[in-house]
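Asker: Below is one structure. I have some questions about it.
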Amino acid sequence: MSACFLNDIQWLNFSDYPGHAIRGRFSVAEYHDSLFSHFAVPFPAHLSAAVAKRRAEYLAGRCLARQALAQLDHHGVIVTTGDHRAPVWPSGIAGALSHNVDTVLCAVQREHGLGGVGLDVETLMSQQRAAQLWQAIVSTQEHAWLQRQPVAFPHLLTLVFSAKESLFKALYPQVQRYFDFLDARTVAVDWQAQTLELELLTTLTAHCPAGRRFSGQFLLDGDTVTTFIHL
């Protein structure tokens with residue numbers, strides 16, 4: 001039963017990353033609450049009213065986080081949930097979790113005080129959804145820039161949305177506050193090398209001023225895109 005619920009687990013290789021990243025597939029159809037006991041993961045109170053999908057993705061994420069943390073000599077650690085439902089990582093560790101319909105990812109690294117790691121997985125948007133959502137994700141200037149690129153706009157918008165999510169996760173441990181999608185813009189995308197660059201448009205802290213740029217990587221897999229940024 002457990003193998004049917006969580007499978008296809010593999011380590012991901014991102015260039016120059018000193019930590020560990022892992023991906024797996026989970027099945028909501030194979031999920032049952034008893035799997036929490038099977039995997040020795042405490043069932044959190046905040047999921048008591050959650051639907052099966054939310055419970056399944058939480059459990060899958062904690063299972064992968066435990067595997068990843070073991071690579072950094074933190075054996076048997078269960079990542080709990082803190083303020084704003086953010087994962088609570090062991091002292092000295094920066095990490096990130098993400099999931100979509102059936103994919104879950106985790107990345108962990110030793111924390112050095114300069115930020116963290118962010119990763120995000122998204123299902124590629126349709127043309128209709130991209131038309132509905134773009135104004136919340138990019139400015140009119142960034143929209144015009146994306147329209148000039150030689151890649152379908154919905155795919156690019158999904159990539160940018162995901163990259164900004166990854167940037168937020170990477171910076172949040174340092175800035176300790178929320179910032180908007182429009183507080184950063186895309187300045188470069190290399191579809192062949194699968195790299196990108198974002199620039200802050202708003203000063204968040206003294207170490208994260210407007211104009212600071214961040215490089216990221218991305219992976220394409222079927223109808224999903226995964227983005228990754230580490231500091």
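FYI, nothing fancy with the structure tokens labels: chains A, B, ... in order, residues from 1 per chain, ligands from 1 as they appear.
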I'd like the neighbourhood of Ala60 in chain A as a count of residues only, where a residue qualifies if any of its atoms comes within 8 Å (using only C-alpha atoms), though same-chain residues fewer than 3 positions away should be ignored.
Answerer: 7
Asker: Got a sec: who's within 12 Å of His75 in chain A, counting only C-alpha atoms, leaving out chain neighbours fewer than 3 positions off, as an NGL selection string?
Answerer: :A and (63 or 65-72 or 78-79 or 90)
Asker: Take the selection from the previous step and output its residues with N, CA and C atoms, as a PDB file, in the first residue's frame.
Answerer:
```pdb
ATOM      1  N   CYS A  63       7.566  12.784   4.145  1.00  0.00           N
ATOM      2  CA  CYS A  63       8.361  11.580   3.888  1.00  0.00           C
ATOM      3  C   CYS A  63       9.616  11.907   3.084  1.00  0.00           C
ATOM      4  N   ALA A  65      11.046  14.889   2.885  1.00  0.00           N
ATOM      5  CA  ALA A  65      11.902  15.741   3.714  1.00  0.00           C
ATOM      6  C   ALA A  65      12.746  14.894   4.654  1.00  0.00           C
ATOM      7  N   ARG A  66      12.178  13.853   5.213  1.00  0.00           N
ATOM      8  CA  ARG A  66      12.934  12.977   6.112  1.00  0.00           C
ATOM      9  C   ARG A  66      14.090  12.311   5.363  1.00  0.00           C
ATOM     10  N   GLN A  67      13.840  11.865   4.140  1.00  0.00           N
ATOM     11  CA  GLN A  67      14.911  11.251   3.352  1.00  0.00           C
ATOM     12  C   GLN A  67      16.006  12.260   3.029  1.00  0.00           C
ATOM     13  N   ALA A  68      15.600  13.463   2.648  1.00  0.00           N
ATOM     14  CA  ALA A  68      16.583  14.480   2.285  1.00  0.00           C
ATOM     15  C   ALA A  68      17.413  14.903   3.490  1.00  0.00           C
ATOM     16  N   LEU A  69      16.771  15.098   4.631  1.00  0.00           N
ATOM     17  CA  LEU A  69      17.484  15.530   5.835  1.00  0.00           C
ATOM     18  C   LEU A  69      18.476  14.480   6.312  1.00  0.00           C
ATOM     19  N   ALA A  70      18.185  13.222   6.067  1.00  0.00           N
ATOM     20  CA  ALA A  70      19.121  12.163   6.450  1.00  0.00           C
ATOM     21  C   ALA A  70      20.455  12.313   5.724  1.00  0.00           C
ATOM     22  N   GLN A  71      20.423  12.913   4.528  1.00  0.00           N
ATOM     23  CA  GLN A  71      21.663  13.151   3.786  1.00  0.00           C
ATOM     24  C   GLN A  71      22.540  14.199   4.467  1.00  0.00           C
ATOM     25  N   LEU A  72      21.941  14.990   5.346  1.00  0.00           N
ATOM     26  CA  LEU A  72      22.678  16.010   6.097  1.00  0.00           C
ATOM     27  C   LEU A  72      22.843  15.596   7.558  1.00  0.00           C
ATOM     28  N   ILE A  78      11.124  14.694  11.589  1.00  0.00           N
ATOM     29  CA  ILE A  78       9.847  15.013  10.955  1.00  0.00           C
ATOM     30  C   ILE A  78       9.693  16.531  10.939  1.00  0.00           C
ATOM     31  N   VAL A  79       9.554  17.090   9.768  1.00  0.00           N
ATOM     32  CA  VAL A  79       9.380  18.536   9.623  1.00  0.00           C
ATOM     33  C   VAL A  79       7.963  18.903  10.047  1.00  0.00           C
ATOM     34  N   PRO A  90      15.124  21.823  10.894  1.00  0.00           N
ATOM     35  CA  PRO A  90      16.059  21.744  12.021  1.00  0.00           C
ATOM     36  C   PRO A  90      17.003  22.943  12.044  1.00  0.00           C
TER      37      PRO A  90
END
```
Asker: Can you pull out the residues contacting range 35-49 of chain A? Cut-off 8 Å, using only C-alpha atoms, and skip same-chain residues under 4 positions away; I want them as a list in words.
Answerer: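 Selected residues are Ser2, Tyr31, Arg54, Arg55, Leu59, Arg62, Cys63 and Ile78 of chain A.
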Asker: Can you write out the residues you just picked, keeping C-alpha atoms, as a short mmCIF file (atom, residue, chain, number, x, y, z; two decimals), in the first residue's frame?
Answerer:
```cif
data_model
loop_
_atom_site.label_atom_id
_atom_site.label_comp_id
_atom_site.auth_asym_id
_atom_site.auth_seq_id
_atom_site.Cartn_x
_atom_site.Cartn_y
_atom_site.Cartn_z
CA SER A 2 2.77 2.48 0.88
CA TYR A 31 -4.06 7.64 0.30
CA ARG A 54 -4.17 18.10 1.26
CA ARG A 55 -3.47 15.29 3.72
CA LEU A 59 2.37 13.28 4.18
CA ARG A 62 7.21 15.00 5.09
CA CYS A 63 8.36 11.58 3.89
CA ILE A 78 9.85 15.01 10.96
#
```
Asker: Which is closest to Gln176 in chain A among A:Thr205, A:Gln109, A:Asn13, A:Gln132, if we use only C-alpha atoms?
Answerer: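 Using only C-alpha atoms, Gln176 in chain A sits closest to A:Thr205.
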Asker: From the list A:Val88, A:Ala107, A:Leu133, A:Val160, which residue is nearest Pro18 in chain A when using only C-alpha atoms?
Answerer: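 Once distances to Pro18 in chain A are computed over only C-alpha atoms, the minimum belongs to A:Ala107.
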Asker: Using only C-alpha atoms, which residue out of A:Ala21, A:Val51, A:Ala184, A:Ala130 lies closest to Thr203 in chain A?
Answerer: A:Ala184
Asker: Set the distance at 12 Å and use only C-alpha atoms: which residues neighbour Pro209 in chain A once local chain neighbours fewer than 2 positions away are removed? I'd like the list as a list of chain:residue names.
Answerer: A:Leu171, A:Val175, A:Asp183, A:Ala184, A:Glu199, A:Leu200, A:Leu201, A:Thr202, A:Thr203, A:Leu204, A:Thr205, A:Ala206, A:His207, A:Gly211, A:Arg212, A:Arg213, A:Phe214
Asker: Could you write out that same residue set with C-alpha atoms as a PDB file, in the first residue's frame?
Answerer:
```pdb
ATOM      1  CA  LEU A 171      14.232  34.781   0.598  1.00  0.00           C
ATOM      2  CA  VAL A 175      13.373  38.916   4.944  1.00  0.00           C
ATOM      3  CA  ASP A 183       8.006  43.024  -6.452  1.00  0.00           C
ATOM      4  CA  ALA A 184      10.259  41.065  -8.821  1.00  0.00           C
ATOM      5  CA  GLU A 199      15.449  41.078 -10.380  1.00  0.00           C
ATOM      6  CA  LEU A 200      13.951  42.641  -7.267  1.00  0.00           C
ATOM      7  CA  LEU A 201      11.971  45.809  -7.941  1.00  0.00           C
ATOM      8  CA  THR A 202      11.391  46.535  -4.244  1.00  0.00           C
ATOM      9  CA  THR A 203      13.901  46.782  -1.411  1.00  0.00           C
ATOM     10  CA  LEU A 204      13.094  44.036   1.096  1.00  0.00           C
ATOM     11  CA  THR A 205      16.117  44.326   3.429  1.00  0.00           C
ATOM     12  CA  ALA A 206      19.552  45.900   3.363  1.00  0.00           C
ATOM     13  CA  HIS A 207      20.861  42.667   1.828  1.00  0.00           C
ATOM     14  CA  GLY A 211      18.029  45.803  -8.336  1.00  0.00           C
ATOM     15  CA  ARG A 212      19.524  42.668  -6.815  1.00  0.00           C
ATOM     16  CA  ARG A 213      19.376  39.752  -9.214  1.00  0.00           C
ATOM     17  CA  PHE A 214      18.928  36.052  -8.568  1.00  0.00           C
TER      18      PHE A 214
END
```
Asker: Can you pull out every residue within 9 Å of Gln174 in chain A, counting only C-alpha atoms, but drop anything in the same chain fewer than 5 positions away, and send it as a PyMOL selection string?
Answerer: chain A and resi 113-116+205+207-208
Asker: Restrict the selected residues to N, CA and C atoms and save them as a JSON list (two decimals), in the first residue's frame.
Answerer:
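What landed in selection-v3.json:
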```json
[["chain", "number", "residue", "atom", "x", "y", "z"],
["A", 113, "GLY", "N", 23.14, 31.73, 6.74],
["A", 113, "GLY", "CA", 22.77, 33.08, 7.15],
["A", 113, "GLY", "C", 22.49, 34.04, 6.03],
["A", 114, "LEU", "N", 22.61, 33.61, 4.78],
["A", 114, "LEU", "CA", 22.43, 34.52, 3.65],
["A", 114, "LEU", "C", 21.13, 34.27, 2.89],
["A", 115, "GLY", "N", 20.32, 33.39, 3.40],
["A", 115, "GLY", "CA", 19.08, 33.08, 2.71],
["A", 115, "GLY", "C", 18.85, 31.59, 2.72],
["A", 116, "GLY", "N", 18.08, 31.11, 1.81],
["A", 116, "GLY", "CA", 17.74, 29.70, 1.82],
["A", 116, "GLY", "C", 17.66, 29.11, 0.44],
["A", 205, "THR", "N", 15.21, 44.12, 2.29],
["A", 205, "THR", "CA", 16.12, 44.33, 3.43],
["A", 205, "THR", "C", 17.37, 44.99, 2.89],
["A", 207, "HIS", "N", 20.16, 43.65, 2.66],
["A", 207, "HIS", "CA", 20.86, 42.67, 1.83],
["A", 207, "HIS", "C", 20.06, 42.27, 0.59],
["A", 208, "CYS", "N", 18.83, 42.72, 0.52],
["A", 208, "CYS", "CA", 17.97, 42.41, -0.63],
["A", 208, "CYS", "C", 17.38, 43.70, -1.18]]
```
Asker: Looking at only C-alpha atoms, which of A:Gln10, A:Thr140, A:Met125, A:Arg177 is the one that sits closest to Leu157 in chain A?
Answerer: A:Met125
Asker: Could you work out how far CA of Gln127 in chain A lies from CA of Trp145 in chain A, giving the answer in Å with one decimal?
Answerer: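 Atom-to-atom, CA of Trp145 in chain A and CA of Gln127 in chain A are spaced 17.1 Å apart.
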Asker: Pick out each residue of range 13-221 of chain A that DSSP on the backbone tags as strand (DSSP E); I need them as a VMD selection string.
Answerer: chain A and resid 20 to 26 80 to 81 87 to 88 93 to 99 103 to 110 117 to 123 184 to 190 195 to 200 213 to 221
Asker: As an MDAnalysis selection string, list the residues of range 127-183 of chain A assigned to alpha helix (DSSP H) by DSSP on the backbone atoms of this structure.
Answerer: chainID A and resid 127:137 140:147 153:175
Asker: Contacts of range 216-223 of chain A at 6 Å or less, counting only C-alpha atoms, minus same-chain residues fewer than 6 places along, as a ChimeraX atom specification?
Answerer: /A:123-124,194-197,229
Asker: Those same residues - N, CA and C atoms - I'd like them written as a PDB file, in the first residue's frame.
Answerer:
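Okay, result.pdb is ready:
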```
ATOM      1  N   THR A 123       1.771  22.944 -12.809  1.00  0.00           N
ATOM      2  CA  THR A 123       1.231  22.411 -14.052  1.00  0.00           C
ATOM      3  C   THR A 123       1.105  23.554 -15.049  1.00  0.00           C
ATOM      4  N   LEU A 124       1.526  23.327 -16.281  1.00  0.00           N
ATOM      5  CA  LEU A 124       1.495  24.380 -17.292  1.00  0.00           C
ATOM      6  C   LEU A 124       0.077  24.921 -17.474  1.00  0.00           C
ATOM      7  N   GLN A 194      17.893  26.002 -19.701  1.00  0.00           N
ATOM      8  CA  GLN A 194      16.931  25.893 -18.597  1.00  0.00           C
ATOM      9  C   GLN A 194      17.413  26.688 -17.373  1.00  0.00           C
ATOM     10  N   THR A 195      17.747  27.944 -17.652  1.00  0.00           N
ATOM     11  CA  THR A 195      18.136  28.876 -16.597  1.00  0.00           C
ATOM     12  C   THR A 195      17.315  30.149 -16.738  1.00  0.00           C
ATOM     13  N   LEU A 196      17.254  30.913 -15.655  1.00  0.00           N
ATOM     14  CA  LEU A 196      16.517  32.176 -15.672  1.00  0.00           C
ATOM     15  C   LEU A 196      17.130  33.132 -14.659  1.00  0.00           C
ATOM     16  N   GLU A 197      16.717  34.386 -14.746  1.00  0.00           N
ATOM     17  CA  GLU A 197      17.207  35.394 -13.814  1.00  0.00           C
ATOM     18  C   GLU A 197      16.064  36.330 -13.441  1.00  0.00           C
ATOM     19  N   ILE A 229      15.792  27.896  -6.963  1.00  0.00           N
ATOM     20  CA  ILE A 229      16.688  29.018  -6.662  1.00  0.00           C
ATOM     21  C   ILE A 229      17.321  28.755  -5.307  1.00  0.00           C
TER      22      ILE A 229
END
```
Asker: Counting only C-alpha atoms, which residue out of A:Ile93, A:Glu122, A:Phe228, A:Pro154 sits closest to Pro173 in chain A?
Answerer: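 Looking only at the distances to Pro173 in chain A, the closest residue turns out to be A:Ile93.
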Asker: If I take CA of Glu165 in chain A and CA of Asn7 in chain A, how far is one from the other in Å, to one decimal?
Answerer: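 So the answer is 25.3 Å.
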Asker: Which polymer residues have any atom within 7 Å of an atom of Arg110 in chain A, counting only C-alpha atoms, with same-chain residues fewer than 3 positions away left out, as a ChimeraX atom specification?
Answerer: /A:19,92-94
Asker: Mind writing the picked residues with N, CA and C atoms as a PDB file, in the first residue's frame?
Answerer:
```
ATOM      1  N   GLY A  19      23.379  21.286  -1.553  1.00  0.00           N
ATOM      2  CA  GLY A  19      22.448  20.500  -0.753  1.00  0.00           C
ATOM      3  C   GLY A  19      21.921  19.294  -1.501  1.00  0.00           C
ATOM      4  N   GLY A  92      20.024  25.199  11.698  1.00  0.00           N
ATOM      5  CA  GLY A  92      21.163  25.105  10.796  1.00  0.00           C
ATOM      6  C   GLY A  92      20.835  24.558   9.424  1.00  0.00           C
ATOM      7  N   ILE A  93      19.549  24.331   9.152  1.00  0.00           N
ATOM      8  CA  ILE A  93      19.127  23.781   7.865  1.00  0.00           C
ATOM      9  C   ILE A  93      18.135  24.727   7.196  1.00  0.00           C
ATOM     10  N   ALA A  94      18.316  24.950   5.911  1.00  0.00           N
ATOM     11  CA  ALA A  94      17.330  25.658   5.094  1.00  0.00           C
ATOM     12  C   ALA A  94      16.691  24.636   4.166  1.00  0.00           C
TER      13      ALA A  94
END
```
Asker: For a quick check of understanding, using only C-alpha atoms, which of A:Arg85, A:Phe14, A:Asp102, A:Lys53 has the smallest distance to His32 in chain A?
Answerer: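 Among the listed residues, the smallest separation from His32 in chain A belongs to A:Lys53.
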